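Encoded as structure tokens, the structure appears first; notes follow it.
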Amino acid sequence: MEVKQQVSFKSILHKVIAAIILLWLIKGIEILFQLDFSHYSIYPRELSGLIGLLFGPVLHSSFEHLLSNTLALIVLATALFYEYPKSAKQVFIIIYFGSGIGIWLFARDSYHLGASGLTHGMMFFLFLIGVIRRDKPAMAISMIVFFLYGSMIWTILPTEERISFESHLFGAIFGALCAILYRNRDPKPAEKKYSWEENYEEGEDGQPLP
């Protein structure tokens with residue numbers, strides 16, 4: 001039986017926090033030097049807007065916008081890379097670029113920026129894969145994620161004009177798709193048996209007990 005790849009929770013958390021710090025530095029530089037990086041974000045159906053596939057998720061319209069994504073990024077990215085180490089990188093990349101492609105093809109004519117597509121994609125992935133796999137760790141994370149961020153379900157629909165619901169929608173779509181495609185990529189943990197169960201099932205002579 002395949003053994004689940006061992007990963008360090010602290011190592012993953014440190015890397016995620018380092019990435020978050022980078023996002024804050026980018027926004028700080030933009031404010032400090034009175035720059036506007038929004039034109040590096042996704043603009044639908046314009047060739048120049050394709051650069052946003054790479055840079056759009058790391059840019060934010062304000063510190064408030066960035067702050068609203070920060071905690072969710074820390075919790076969801078750490079859970080993703082810790083619980084699903086074999087599939088996490090590919091899932092992250094698919095959500096990152098897949099949501100951007102969806103925005104570029106179908107979203108409203110406006111600049112779309114921010115990590116909301118990532119947070120929604122990871123939330124939908126973590127929730128749905130737990131429902132599909134039904135092993136205890138996956139289900140536990142699924143319930144925790146839904147308890148903390150289940151309200152994201154409603155934000156894939158249009159609410160406020162200034163909010164890119166398209167980012168949320170396509171992030172959710174690709175997160176759900178990844179949950180289906182990668183449901184068996186990471187091995188399930190072995191079910192623990194207690195000593196009394198083993199003694200009950202098998203006697204001293206190796207024969208099952210009645």
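Naming scheme: A, B, ... for chains in displayed order of the structure tokens; residues 1 onward per chain; ligands 1 onward as shown.
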
Using only C-alpha atoms, I'd like a table of the residues in region 160-194 of chain A that come within 10 Å of region 85-98 of chain A; for each, show the closest atom pair and its distance in Å rounded to one decimal, ordered by chain and ascending number, as CSV.
```
residue,atom,partner,partner_atom,distance
A:Phe170,CA,A:Gly98,CA,7.4
A:Gly171,CA,A:Ile95,CA,5.9
A:Ala172,CA,A:Ile95,CA,8.4
A:Ile173,CA,A:Ile95,CA,8.7
A:Phe174,CA,A:Ile95,CA,5.5
A:Gly175,CA,A:Ile95,CA,6.1
A:Ala176,CA,A:Ile95,CA,9.6
A:Leu177,CA,A:Ile95,CA,9.3
A:Cys178,CA,A:Val91,CA,6.1
A:Ala179,CA,A:Val91,CA,8.5
A:Leu181,CA,A:Val91,CA,9.5
A:Tyr182,CA,A:Ser87,CA,6.7
A:Arg183,CA,A:Ser87,CA,9.2
A:Asn184,CA,A:Ser87,CA,9.4
A:Arg185,CA,A:Ser87,CA,6.3
A:Asp186,CA,A:Lys86,CA,5.8
A:Pro187,CA,A:Lys86,CA,9.0
```

inquiry  = as an NGL selection string, please: the residues near His60 (chain A) (cut-off 6 Å, only C-alpha atoms, same-chain neighbours under 4 positions excluded).
reply    = :A and (66 or 113-114)

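A straight line drawn from CA of Met123 (chain A) to CA of Ser110 (chain A) is 25.1 Å long.
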
Please build the interface table for region 31-144 of chain A against region 148-168 of chain A with a cut-off of 7 Å, listing for each qualifying residue the nearest atom pair and the distance in Å to one decimal; count only C-alpha atoms, order rows by chain and increasing number, and write it as a Markdown table.
```
| residue | atom | partner | partner_atom | distance |
| --- | --- | --- | --- | --- |
| A:Ser99 | CA | A:Ser167 | CA | 6.4 |
| A:Ile103 | CA | A:Glu166 | CA | 6.1 |
| A:Ala107 | CA | A:Glu166 | CA | 6.0 |
| A:His112 | CA | A:Ser164 | CA | 6.4 |
| A:Ser116 | CA | A:His168 | CA | 6.0 |
| A:Gly117 | CA | A:Ser167 | CA | 4.6 |
| A:His120 | CA | A:His168 | CA | 5.6 |
| A:Ile144 | CA | A:Leu148 | CA | 6.2 |
```

For the selection you just gave me, I'd like the residues written to a file as a CSV table (one decimal), in the first residue's frame, keeping N, CA and C atoms.
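So result.csv came out as:
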```csv
chain,number,residue,atom,x,y,z
A,99,SER,N,-8.5,29.9,-13.6
A,99,SER,CA,-9.5,31.0,-13.2
A,99,SER,C,-9.2,32.2,-14.0
A,103,ILE,N,-11.6,34.2,-16.7
A,103,ILE,CA,-11.9,35.6,-16.6
A,103,ILE,C,-11.6,36.3,-17.9
A,107,ALA,N,-15.3,37.3,-18.7
A,107,ALA,CA,-15.7,38.3,-17.7
A,107,ALA,C,-16.0,39.7,-18.3
A,112,HIS,N,-9.4,42.9,-13.7
A,112,HIS,CA,-9.7,42.0,-12.6
A,112,HIS,C,-8.4,41.6,-11.9
A,116,SER,N,-8.7,36.4,-4.9
A,116,SER,CA,-10.0,35.8,-4.5
A,116,SER,C,-10.3,34.5,-5.4
A,117,GLY,N,-9.8,34.5,-6.6
A,117,GLY,CA,-10.0,33.3,-7.4
A,117,GLY,C,-9.3,32.1,-6.8
A,120,HIS,N,-11.2,31.0,-3.5
A,120,HIS,CA,-12.4,30.3,-3.8
A,120,HIS,C,-12.1,28.9,-4.4
A,144,ILE,N,-14.1,21.7,8.4
A,144,ILE,CA,-13.5,22.9,9.0
A,144,ILE,C,-13.6,24.1,7.9
```

task = Assign secondary structure with DSSP using the backbone only, and return the residues of region 43-133 of chain A in alpha helix (DSSP H) as a PyMOL selection string.
result = chain A and resi 52-55+63-83+88-106+116-133

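Separating CA of Ser142 (chain A) from CA of Leu128 (chain A) is a distance of 7.1 Å.
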
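Atom pair CA of Gly100 (chain A) / CA of Phe9 (chain A): separated by 28.9 Å.
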
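Distance annotation: of A:Met143, A:Leu71, A:Ile20, A:Ile180, the residue with the minimal separation from Phe125 (chain A) is A:Ile180; atom set is only C-alpha atoms.
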